Structure formats: C-alpha cells, structure tokens
file input.tsv (TSV, C-alpha atoms)
chain	number	residue	atom	x	y	z
A	175	ILE	CA	211.24	70.83	96.38
A	176	ILE	CA	210.38	72.97	99.41
A	177	TYR	CA	209.95	70.03	101.81
A	178	PHE	CA	212.96	68.04	100.61
A	179	GLY	CA	215.01	71.25	100.74
A	180	LYS	CA	213.99	71.90	104.34
A	181	SER	CA	214.73	68.30	105.33
A	182	ILE	CA	218.25	68.48	103.87
A	183	LYS	CA	219.12	71.38	106.16
A	184	LYS	CA	218.09	69.30	109.18
A	185	LEU	CA	219.77	66.09	107.95
A	186	ALA	CA	223.19	67.64	107.28
A	187	LYS	CA	224.75	65.75	110.21
A	188	GLU	CA	227.23	62.92	110.56
A	189	GLU	CA	224.63	60.57	112.08
A	190	THR	CA	221.96	61.10	109.38
A	191	GLN	CA	223.96	60.61	106.17
A	192	ASN	CA	221.78	57.70	105.04
A	193	GLU	CA	218.62	59.81	105.39
A	194	MET	CA	220.44	62.72	103.70
A	195	TYR	CA	221.09	60.47	100.68
A	196	PHE	CA	217.37	59.71	100.24
A	197	ALA	CA	216.35	63.36	100.73
A	198	LEU	CA	218.84	64.40	98.02
A	199	ILE	CA	217.52	61.73	95.65
A	200	GLY	CA	213.97	62.97	96.25
A	201	LEU	CA	215.02	66.56	95.63
A	202	ALA	CA	216.87	65.54	92.44
A	203	ILE	CA	213.73	63.81	91.12
A	204	ALA	CA	211.60	66.85	91.96
A	205	TYR	CA	213.95	69.21	90.11
A	206	LYS	CA	214.14	66.89	87.12
A	207	ASN	CA	210.35	66.74	86.86
A	208	LEU	CA	210.36	70.54	86.56
A	209	GLY	CA	213.02	70.39	83.83
A	210	LEU	CA	215.72	71.87	86.10
A	211	ILE	CA	218.45	69.48	84.97
A	212	TRP	CA	221.47	71.25	86.53
A	213	ALA	CA	219.85	71.45	89.94
A	214	SER	CA	218.89	67.79	89.59
A	215	ASN	CA	222.42	66.81	88.58
A	216	ASN	CA	223.90	68.71	91.51
A	217	CYS	CA	221.69	66.77	93.95
A	218	TYR	CA	222.50	63.40	92.36
A	219	ILE	CA	226.25	64.11	92.52
A	220	THR	CA	225.98	65.15	96.17
A	221	ALA	CA	223.94	61.99	96.89
A	222	CYS	CA	226.62	59.96	95.12
A	223	ASN	CA	229.22	61.56	97.38
A	224	PHE	CA	227.23	60.60	100.50
A	225	SER	CA	226.80	57.03	99.23
A	226	PHE	CA	230.59	56.74	98.80
A	227	LYS	CA	231.04	57.85	102.42
A	228	LEU	CA	228.52	55.24	103.58
A	229	SER	CA	230.32	52.60	101.51
A	230	ASP	CA	233.68	53.48	103.05
A	231	GLU	CA	232.28	52.99	106.54
A	232	LYS	CA	231.08	49.46	105.71
A	233	GLY	CA	233.98	48.55	103.43
A	234	THR	CA	231.65	47.53	100.59
A	235	ILE	CA	230.40	49.11	97.39
A	236	SER	CA	226.88	50.39	97.96
A	237	GLU	CA	223.93	49.87	95.64
A	238	LYS	CA	223.03	53.47	96.49
A	239	THR	CA	226.13	54.63	94.61
A	240	TYR	CA	225.17	52.51	91.60
A	241	ARG	CA	221.67	54.04	91.54
A	242	ALA	CA	223.01	57.60	91.82
A	243	VAL	CA	225.58	57.03	89.06
A	244	LYS	CA	222.82	55.70	86.77
A	245	GLU	CA	220.77	58.86	87.28
A	246	ILE	CA	223.76	61.15	86.69
A	247	LEU	CA	224.58	59.24	83.50
A	248	THR	CA	220.96	59.60	82.37
A	249	ASN	CA	221.07	63.36	82.97
A	250	GLU	CA	224.34	63.66	81.06
A	251	LEU	CA	222.72	61.90	78.08
A	252	PHE	CA	220.14	64.73	78.07
A	253	ILE	CA	222.88	67.38	78.45
A	254	GLY	CA	225.32	65.83	75.96
A	255	ARG	CA	228.86	66.46	77.27
A	256	ILE	CA	231.01	63.67	75.80
A	257	PRO	CA	233.80	63.64	78.45
A	258	TYR	CA	231.24	63.56	81.27
A	259	LEU	CA	229.24	60.82	79.55
A	260	LEU	CA	232.27	58.57	79.15
A	261	THR	CA	233.50	59.21	82.70
A	262	TRP	CA	230.19	58.36	84.36
A	263	HIS	CA	229.61	55.41	82.00
A	264	GLU	CA	233.01	53.97	82.94
A	265	MET	CA	232.05	54.22	86.61
A	266	PHE	CA	228.67	52.62	85.84
A	267	LEU	CA	230.41	49.63	84.21
A	268	ILE	CA	232.60	49.13	87.29
A	269	PHE	CA	229.59	48.99	89.61
A	270	GLN	CA	227.58	46.86	87.19
A	271	ARG	CA	230.34	44.23	87.13
A	272	THR	CA	230.91	44.35	90.88
A	273	LEU	CA	227.31	44.32	92.12
A	274	THR	CA	224.51	41.89	91.39
A	275	ILE	CA	221.55	44.20	90.88
A	276	ASP	CA	218.04	42.83	90.39
A	277	GLU	CA	216.82	45.06	87.56
A	278	ASN	CA	213.27	45.11	86.22
A	279	LYS	CA	213.17	42.37	83.57
A	280	ASP	CA	210.29	44.09	81.76
A	281	GLU	CA	212.47	47.09	80.92
A	282	ILE	CA	215.26	47.46	78.38
A	283	ALA	CA	218.64	46.77	80.02
A	284	PHE	CA	220.13	50.11	81.10
A	285	ASP	CA	223.49	49.51	79.38
A	286	SER	CA	221.66	48.83	76.07
A	287	LEU	CA	219.43	51.87	76.60
A	288	CYS	CA	222.46	54.02	77.32
A	289	ASP	CA	224.25	52.79	74.19
A	290	GLY	CA	221.16	53.37	72.04
A	291	THR	CA	220.48	56.90	73.29
A	292	PHE	CA	224.16	57.81	72.96
A	293	ALA	CA	224.04	56.62	69.32
A	294	VAL	CA	220.94	58.75	68.68
A	295	ARG	CA	222.73	61.77	70.12
A	296	LEU	CA	225.84	61.12	67.99
A	297	ILE	CA	223.85	60.79	64.76
A	298	HIS	CA	222.29	64.20	65.50
A	299	THR	CA	225.57	65.86	66.43
A	300	LYS	CA	226.11	68.91	64.26
A	301	SER	CA	229.14	69.45	62.04
A	302	THR	CA	232.36	68.78	63.89
A	303	THR	CA	236.03	68.30	63.11
A	304	ASN	CA	237.64	64.94	62.43
A	305	ASP	CA	239.98	65.60	65.35
A	306	GLU	CA	237.04	65.39	67.75
A	307	LEU	CA	235.58	62.25	66.18
A	308	LYS	CA	238.62	60.21	65.20
A	309	TYR	CA	239.49	59.01	68.72
A	310	LEU	CA	235.90	58.33	69.72
A	311	PRO	CA	235.33	54.84	68.16
A	312	ASP	CA	238.21	53.25	70.12
A	313	MET	CA	237.09	54.93	73.35
A	314	LEU	CA	233.51	53.74	72.83
A	315	ALA	CA	234.68	50.19	72.09
A	316	ARG	CA	236.67	50.08	75.36
A	317	GLN	CA	233.44	50.90	77.19
A	318	GLU	CA	231.41	48.33	75.19
A	319	LEU	CA	229.22	50.98	73.56
A	320	TRP	CA	229.07	49.04	70.32
A	321	LEU	CA	226.17	50.81	68.61
A	322	SER	CA	227.65	54.20	69.50
A	323	GLN	CA	231.02	53.07	68.13
A	324	ASP	CA	229.43	52.06	64.81
A	325	THR	CA	227.58	55.37	64.69
A	326	ALA	CA	230.81	57.34	65.18
A	327	LEU	CA	232.42	55.33	62.37
A	328	TYR	CA	229.41	55.89	60.11
A	329	LYS	CA	229.55	59.67	60.68
A	330	GLN	CA	233.21	59.61	59.61
A	331	GLY	CA	232.37	57.75	56.41
A	332	TYR	CA	233.74	54.30	57.29
A	333	ILE	CA	230.89	52.57	55.50
A	334	GLU	CA	232.69	49.29	54.79
A	335	ILE	CA	233.72	48.81	58.42
A	336	CYS	CA	230.13	49.47	59.55
A	337	MET	CA	228.79	46.91	57.07
A	338	GLN	CA	231.35	44.31	58.20
A	339	GLU	CA	230.12	44.74	61.77
A	340	ARG	CA	226.49	44.04	60.80
A	341	GLU	CA	225.68	40.71	59.15
A	342	ASP	CA	222.08	41.77	58.43
A	343	ILE	CA	223.17	44.67	56.20
A	344	LYS	CA	224.62	43.94	52.74
A	345	LYS	CA	224.19	47.23	50.87
A	346	GLU	CA	225.11	50.83	51.60
A	347	LYS	CA	221.51	51.90	51.04
A	348	GLU	CA	220.37	49.48	53.76
A	349	LEU	CA	222.96	50.99	56.12
A	350	ASP	CA	221.64	54.49	55.37
A	351	GLU	CA	218.10	53.31	56.07
A	352	TYR	CA	219.23	51.75	59.35
A	353	TYR	CA	220.82	54.98	60.58
A	354	LYS	CA	217.81	56.93	59.42
A	355	MET	CA	215.79	54.72	61.78
A	356	VAL	CA	218.32	55.39	64.58
A	357	ALA	CA	218.01	59.13	63.94
A	358	ASN	CA	214.21	59.01	64.31
A	359	GLN	CA	214.10	57.38	67.76
A	360	PRO	CA	211.92	59.10	70.43
A	361	PHE	CA	214.99	60.18	72.43
A	362	VAL	CA	215.48	62.97	69.87
A	363	GLU	CA	212.62	64.88	71.52
A	364	GLN	CA	214.30	64.61	74.94
A	365	ILE	CA	217.72	65.99	73.97
A	366	LEU	CA	218.15	69.26	75.85
A	367	TYR	CA	221.40	70.64	74.42
A	368	ASP	CA	223.70	70.04	71.46
A	369	THR	CA	226.47	67.48	71.87
A	370	ASN	CA	229.52	69.12	73.43
A	371	TYR	CA	233.04	67.68	73.14
A	372	MET	CA	234.31	70.25	75.70
A	373	SER	CA	237.37	70.70	73.48
A	374	GLU	CA	237.31	74.43	72.74
A	375	ASP	CA	239.18	77.03	74.78
A	376	LYS	CA	235.95	78.93	75.53
A	377	LEU	CA	232.98	76.88	76.76
A	378	SER	CA	229.35	77.63	77.57
A	379	LEU	CA	226.56	76.03	79.61
A	380	TYR	CA	222.87	76.84	79.17
A	381	SER	CA	219.61	76.64	81.05
A	382	ASN	CA	216.11	77.87	80.23
A	383	MET	CA	214.34	79.34	83.26
A	384	LEU	CA	211.18	81.41	83.57
A	385	GLY	CA	211.00	81.97	79.82
A	386	CYS	CA	214.60	83.23	79.67
A	387	GLN	CA	217.84	81.53	78.58
A	388	PHE	CA	220.79	81.70	80.96
A	389	GLN	CA	224.17	81.34	79.25
A	390	ILE	CA	227.32	80.92	81.33
A	391	ASN	CA	230.65	81.41	79.52
A	392	PHE	CA	234.02	80.31	80.93
A	393	SER	CA	237.53	79.27	79.91
A	394	LYS	CA	238.41	75.58	79.62
A	395	ASP	CA	239.48	75.15	83.23
A	396	ILE	CA	238.21	72.59	85.74
A	397	GLU	CA	237.73	75.17	88.52
A	398	MET	CA	235.73	77.52	86.28
A	399	LEU	CA	233.70	74.56	84.99
A	400	LEU	CA	232.72	73.54	88.53
A	401	VAL	CA	231.84	77.14	89.41
A	402	SER	CA	229.69	77.44	86.27
A	403	GLU	CA	227.82	74.19	86.97
A	404	THR	CA	227.22	75.23	90.57
A	405	LEU	CA	225.97	78.66	89.49
A	406	LEU	CA	223.42	77.11	87.15
A	407	ALA	CA	222.37	74.58	89.80
A	408	TYR	CA	221.95	77.36	92.37
A	409	LEU	CA	219.95	79.58	90.00
A	410	GLU	CA	217.72	76.67	88.95
A	411	SER	CA	217.12	75.60	92.54
A	412	PHE	CA	216.13	79.17	93.39
A	413	VAL	CA	213.80	79.31	90.39
A	414	GLY	CA	212.25	76.00	91.47
A	415	THR	CA	210.67	77.79	94.43
A	416	SER	CA	210.03	81.09	92.61
A	417	LEU	CA	207.64	80.11	89.86
A	418	SER	CA	205.00	82.72	90.62
A	419	ASN	CA	205.03	86.52	90.53
A	420	ILE	CA	208.20	86.64	88.39
A	421	HIS	CA	208.18	87.39	84.63
A	422	ALA	CA	211.18	87.81	82.32
A	423	HIS	CA	211.52	90.94	80.17
A	424	ARG	CA	214.80	89.75	78.57
A	425	GLU	CA	215.31	86.74	76.31
A	426	LYS	CA	218.87	85.92	77.40
A	427	ILE	CA	221.07	86.52	80.44
A	428	ILE	CA	224.82	86.10	79.84
A	429	ILE	CA	227.19	85.45	82.74
A	430	ASN	CA	230.95	85.35	82.14
A	431	VAL	CA	232.72	83.41	84.89
A	432	LEU	CA	236.25	84.76	85.27
A	433	ASP	CA	239.25	83.80	87.39
A	434	ASN	CA	239.93	86.37	90.08
A	435	THR	CA	243.71	86.45	89.91
A	436	GLU	CA	244.11	89.30	92.40
A	437	SER	CA	242.35	87.96	95.50
A	438	THR	CA	240.04	85.28	96.88
A	439	ASP	CA	237.07	87.68	96.97
A	440	ILE	CA	233.90	86.90	95.00
A	441	TYR	CA	232.28	89.81	93.20
A	442	PHE	CA	230.30	90.60	90.07
A	443	ILE	CA	230.03	93.52	87.64
A	444	TYR	CA	227.04	94.30	85.43
A	445	ASN	CA	227.63	95.87	82.01
A	446	LYS	CA	224.65	98.10	81.14
A	447	ASP	CA	225.69	98.34	77.49
A	448	THR	CA	225.93	94.61	76.74
A	449	TYR	CA	223.53	93.42	79.48
A	450	GLU	CA	226.17	90.91	80.60
A	451	TYR	CA	227.52	89.95	84.01
A	452	ASN	CA	231.17	89.28	84.83
A	453	PHE	CA	231.34	86.96	87.84
A	454	TYR	CA	234.82	86.84	89.44
A	455	ILE	CA	235.93	83.97	91.67
A	456	LYS	CA	239.31	82.43	92.52
A	457	ASN	CA	238.39	78.75	92.52
A	458	PHE	CA	235.66	76.28	93.36
A	459	ASN	CA	237.00	75.26	96.78
A	460	THR	CA	236.14	77.47	99.72
A	461	GLN	CA	237.13	77.18	103.35
A	462	GLU	CA	234.40	76.43	105.89
A	463	LYS	CA	234.78	79.89	107.43
A	464	GLU	CA	234.05	81.42	104.00
A	465	HIS	CA	230.77	79.56	103.38
A	466	SER	CA	228.57	82.32	104.81
A	467	LEU	CA	230.38	84.93	102.67
A	468	VAL	CA	229.83	82.83	99.54
A	469	TRP	CA	226.18	82.28	100.44
A	470	ASN	CA	225.58	86.01	100.98
A	471	LYS	CA	227.29	86.85	97.69
A	472	MET	CA	225.15	84.29	95.84
A	473	ILE	CA	221.99	85.80	97.33
A	474	GLU	CA	223.13	89.28	96.30
A	475	PHE	CA	223.96	88.05	92.77
A	476	THR	CA	220.64	86.24	92.34
A	477	VAL	CA	218.58	89.21	93.51
A	478	ASP	CA	220.52	91.54	91.20
A	479	ILE	CA	219.83	89.27	88.21
A	480	LEU	CA	216.13	89.06	88.99
A	481	LEU	CA	215.68	92.78	89.62
A	482	LYS	CA	217.48	93.80	86.40
A	483	ASN	CA	215.98	91.16	84.09
A	484	PHE	CA	212.57	90.25	85.52
A	485	ILE	CA	209.38	91.93	86.60
A	486	VAL	CA	208.83	90.92	90.23
A	487	ASN	CA	205.54	91.69	91.94
A	488	ASP	CA	206.16	93.20	95.38
A	489	ALA	CA	209.89	92.40	95.09
A	490	GLU	CA	210.93	93.22	98.67
A	491	ASN	CA	208.35	90.98	100.33
A	492	HIS	CA	208.82	88.26	97.70
A	493	PHE	CA	212.58	87.96	98.29
A	494	LYS	CA	212.27	88.35	102.04
A	495	LYS	CA	209.80	85.46	102.21
A	496	LEU	CA	211.96	83.24	99.98
A	497	PHE	CA	215.28	83.82	101.74
A	498	GLU	CA	213.93	83.76	105.27

call {"tool": "encode", "arguments": {"input": "input.tsv", "output": "structure tokens"}}
result
Amino acid sequence: IIYFGKSIKKLAKEETQNEMYFALIGLAIAYKNLGLIWASNNCYITACNFSFKLSDEKGTISEKTYRAVKEILTNELFIGRIPYLLTWHEMFLIFQRTLTIDENKDEIAFDSLCDGTFAVRLIHTKSTTNDELKYLPDMLARQELWLSQDTALYKQGYIEICMQEREDIKKEKELDEYYKMVANQPFVEQILYDTNYMSEDKLSLYSNMLGCQFQINFSKDIEMLLVSETLLAYLESFVGTSLSNIHAHREKIIINVLDNTESTDIYFIYNKDTYEYNFYIKNFNTQEKEHSLVWNKMIEFTVDILLKNFIVNDAENHFKKLFE
C-alpha cells in the first residue's frame, strides 16, 4: 500500500496514464487483501476511469477496462448493493460481447460465477417488501442472470414457474432441497454486508476498521452517496497505513453526511452527547483550486476521529510521520 501509494503521486501525469492504471490496480489488490473493500473499490473505479481515457485515445475498447469492471463487479457482490450490481454487470456484458478475452479455461466462467454468487446473496436476503422484489426477475432476465432470476421468483413464492424452468425438478420438496444447497454455498462466508436495494430515503454504508465499526448515514441523493463512499475509502486508505499504535475504545463511530445548503464550505461538528459526527458538504464535485482545502479538511476530520475514539501512542509524532 505504501509503495503503490507513493508511485501514484508520481504517476499522476498525462504521459504516464498507462502506468497509473497498473499502480491503481496494484493498490486496489493490496487494500482488498487487507479487507478494506471501499478503498479497493475506489482504486478500481479510478483505474477504470483511466482505462476509458486510454481507450478514447486509441478509438478502441480496452481490455484494461474489462478487467477493472470485473473487479468492481466482484467487490459489489461482496458489498451487496443491487442497483450497483446491475449497473456494473450490464457494463460487463457489453465488454464481454465486444471483446474476445482469453479466460482461464480451468476456472468457472465469470458470468456463471457472478450469477451463482448473486443467487446465493438473494437467497440470504433478509425480509423485504414485494415492491423491492417484484421488478427484479424481469431485470435479471434482461441481463441473462438466469439462476438469480429463478431465485428471486422462488423468494416471492412462484414455485410453479420455478419448477417449469427446471426439467430436473418435479416436486416442490426437490425445489426446496435445491435452494437449500444454493443457500449453503461457500460464498455465504464472504458476504460482507446485507443486501441493499438502496430504495429507502435514509441510507447507510458500513466499514469495520481497527476493531471499530464506521457507519455513514446520508439521504438518498447521488451527491451524498458519492461523498459517503469517498469518505469510507479515504478512512480505509488511511487505516491501511496506520495498523500499529492505534487501538479503538469505542465500538461504533457514526458519521451523518449532510448537504450544506448555505455555502460551499466543508465542515464537521461533533456531538459529545450522542458521540456522532455531522459532516457538511455541498456536493461531490470540487474545483481544482479547492482540492487543497478539501484535503486539509479531510486530514483535520480524520485526526479528530482518531483522537476522540482511539488510543494513539505518541499521537503527535504518529500523525506527523504519516501525513508528511
């Protein structure tokens, strides 16, 4: 993480975008191996963005983009946000049909693996409303996620339709046994968060870091969603290089991301009674001249969180070394 991070700073130039792509992929893998899924996702998405730029220059779709999209889709299967899953899977299908990729023949085809893991996630999805499920089978069919489509139908009680789709199953008991087998697949142990339809007015994202759960709450708004994802990615990336000399004394840290309707300033307020932060920001997009202000505010926010919620050995020297 340290070496890829340092290389990215030096490769952030117009003439080294190809090298930047590989450094970001390496950093994403490093974060993922530490279980820092939001930091990993952030790097993969940025790498995907660079691969699109490289494709535009050559006028062709790049295999680099295909690889990055696959990794983002894999991460979203762990995270479990349905709209994100379907969006990235749709993009994956486009690249799969356009490019001829020589995949490893010894492995399960990625589209089949994706369909299977999505079905496992759906069968383990906790109680939900019919409004959230009723449109899903048609959407899954359009993206050729056949097993996931059958699973969504099964969860809604369409037993006869499920049995018609499978010639090897003749009785309802056999269908129940089949989905019991689906429910017991190894992917269950890899699911990080509950399935999220992103349909409620108030949404939350989570991350477990340094023995403490971070919960970010926000209204259903694309700008606040992007801010919340970036906050988690930033905090995880910081934690990735701060694994020693820091110990949590609180089980949960709650951050409420709120729209700053009065100005474009970024600021935060800590509530001593509820132990919650209110983080105010106008929107996700910032002008280039504002980048240093945003960076300084993020440093200030991170240090405040760590000082109030963690025991830090020799805090001043620790933070000085990290930030310098």

call {"tool": "residues_near_point", "arguments": {"input": "input.tsv", "point": "(235.3, 78.4, 85.6)", "cutoff": "9 Å", "atoms": "all atoms listed in the file", "output": "short mmCIF file (atom, residue, chain, number, x, y, z; two decimals) with C-alpha atoms, in the coordinates of the input"}}
result
data_model
loop_
_atom_site.label_atom_id
_atom_site.label_comp_id
_atom_site.auth_asym_id
_atom_site.auth_seq_id
_atom_site.Cartn_x
_atom_site.Cartn_y
_atom_site.Cartn_z
CA ASN A 391 230.65 81.41 79.52
CA PHE A 392 234.02 80.31 80.93
CA SER A 393 237.53 79.27 79.91
CA LYS A 394 238.41 75.58 79.62
CA ASP A 395 239.48 75.15 83.23
CA ILE A 396 238.21 72.59 85.74
CA GLU A 397 237.73 75.17 88.52
CA MET A 398 235.73 77.52 86.28
CA LEU A 399 233.70 74.56 84.99
CA LEU A 400 232.72 73.54 88.53
CA VAL A 401 231.84 77.14 89.41
CA SER A 402 229.69 77.44 86.27
CA GLU A 403 227.82 74.19 86.97
CA ASN A 430 230.95 85.35 82.14
CA VAL A 431 232.72 83.41 84.89
CA LEU A 432 236.25 84.76 85.27
CA ASP A 433 239.25 83.80 87.39
CA ILE A 455 235.93 83.97 91.67
CA LYS A 456 239.31 82.43 92.52
CA ASN A 457 238.39 78.75 92.52
CA PHE A 458 235.66 76.28 93.36
#

call {"tool": "residues_around", "arguments": {"input": "input.tsv", "residues": "Trp320 (chain A)", "least_positions_apart": "2", "cutoff": "10 Å", "atoms": "all atoms listed in the file", "output": "NGL selection string"}}
result
:A and (286 or 289-290 or 293 or 311 or 314-318 or 322-326 or 339)

call {"tool": "write_last_selection", "arguments": {"input": "input.tsv", "atoms": "C-alpha atoms", "output": "short mmCIF file (atom, residue, chain, number, x, y, z; two decimals), in the frame of the given file"}}
result
data_model
loop_
_atom_site.label_atom_id
_atom_site.label_comp_id
_atom_site.auth_asym_id
_atom_site.auth_seq_id
_atom_site.Cartn_x
_atom_site.Cartn_y
_atom_site.Cartn_z
CA SER A 286 221.66 48.83 76.07
CA ASP A 289 224.25 52.79 74.19
CA GLY A 290 221.16 53.37 72.04
CA ALA A 293 224.04 56.62 69.32
CA PRO A 311 235.33 54.84 68.16
CA LEU A 314 233.51 53.74 72.83
CA ALA A 315 234.68 50.19 72.09
CA ARG A 316 236.67 50.08 75.36
CA GLN A 317 233.44 50.90 77.19
CA GLU A 318 231.41 48.33 75.19
CA SER A 322 227.65 54.20 69.50
CA GLN A 323 231.02 53.07 68.13
CA ASP A 324 229.43 52.06 64.81
CA THR A 325 227.58 55.37 64.69
CA ALA A 326 230.81 57.34 65.18
CA GLU A 339 230.12 44.74 61.77
#

call {"tool": "closest_residue", "arguments": {"input": "input.tsv", "among": "A:Ser378, A:Thr220, A:Lys180, A:Asn192", "to": "Glu498 (chain A)", "atoms": "all atoms listed in the file"}}
result
A:Lys180

call {"tool": "atom_distance", "arguments": {"input": "input.tsv", "atom1": "CA of Met194 (chain A)", "atom2": "CA of Tyr177 (chain A)"}}
result
12.9 Å

call {"tool": "closest_atom_pairs", "arguments": {"input": "input.tsv", "of": "region 205-314 of chain A", "to": "region 404-425 of chain A", "cutoff": "9 Å", "atoms": "only C-alpha atoms", "output": "CSV"}}
result
residue,atom,partner,partner_atom,distance
A:Tyr205,CA,A:Gly414,CA,7.1
A:Leu208,CA,A:Gly414,CA,7.6
A:Leu210,CA,A:Glu410,CA,5.9
A:Ile211,CA,A:Ala407,CA,8.0
A:Trp212,CA,A:Ala407,CA,4.8
A:Ala213,CA,A:Ala407,CA,4.0
A:Ser214,CA,A:Ala407,CA,7.6
A:Asn215,CA,A:Ala407,CA,7.9
A:Asn216,CA,A:Ala407,CA,6.3
A:Cys217,CA,A:Ala407,CA,8.9

call {"tool": "residues_around", "arguments": {"input": "input.tsv", "residues": "Lys345 (chain A)", "least_positions_apart": "5", "cutoff": "12 Å", "atoms": "only C-alpha atoms", "output": "PyMOL selection string"}}
result
chain A and resi 333-334+336-338+340+350-352

call {"tool": "closest_residue", "arguments": {"input": "input.tsv", "among": "A:Ile235, A:Leu228, A:Ile175, A:Leu251", "to": "Gln191 (chain A)", "atoms": "all atoms listed in the file"}}
result
A:Leu228

call {"tool": "atom_distance", "arguments": {"input": "input.tsv", "atom1": "CA of Tyr258 (chain A)", "atom2": "CA of Met372 (chain A)"}}
result
9.2 Å

call {"tool": "closest_residue", "arguments": {"input": "input.tsv", "among": "A:Gln389, A:Thr369, A:Asn434, A:Thr476", "to": "Glu450 (chain A)", "atoms": "all atoms listed in the file"}}
result
A:Gln389

call {"tool": "atom_distance", "arguments": {"input": "input.tsv", "atom1": "CA of Leu310 (chain A)", "atom2": "CA of Leu327 (chain A)"}}
result
8.7 Å

call {"tool": "residues_near_point", "arguments": {"input": "input.tsv", "point": "(221.4, 59.3, 100.7)", "cutoff": "10 Å", "atoms": "all atoms listed in the file", "output": "list in words"}}
result
Thr190, Gln191, Asn192, Glu193, Met194, Tyr195, Phe196, Ala197, Leu198, Ile199, Gly200, Tyr218, Thr220, Ala221, Cys222, Asn223, Phe224, Ser225, Phe226, Lys227, Leu228, Lys238, Thr239 and Ala242 of chain A
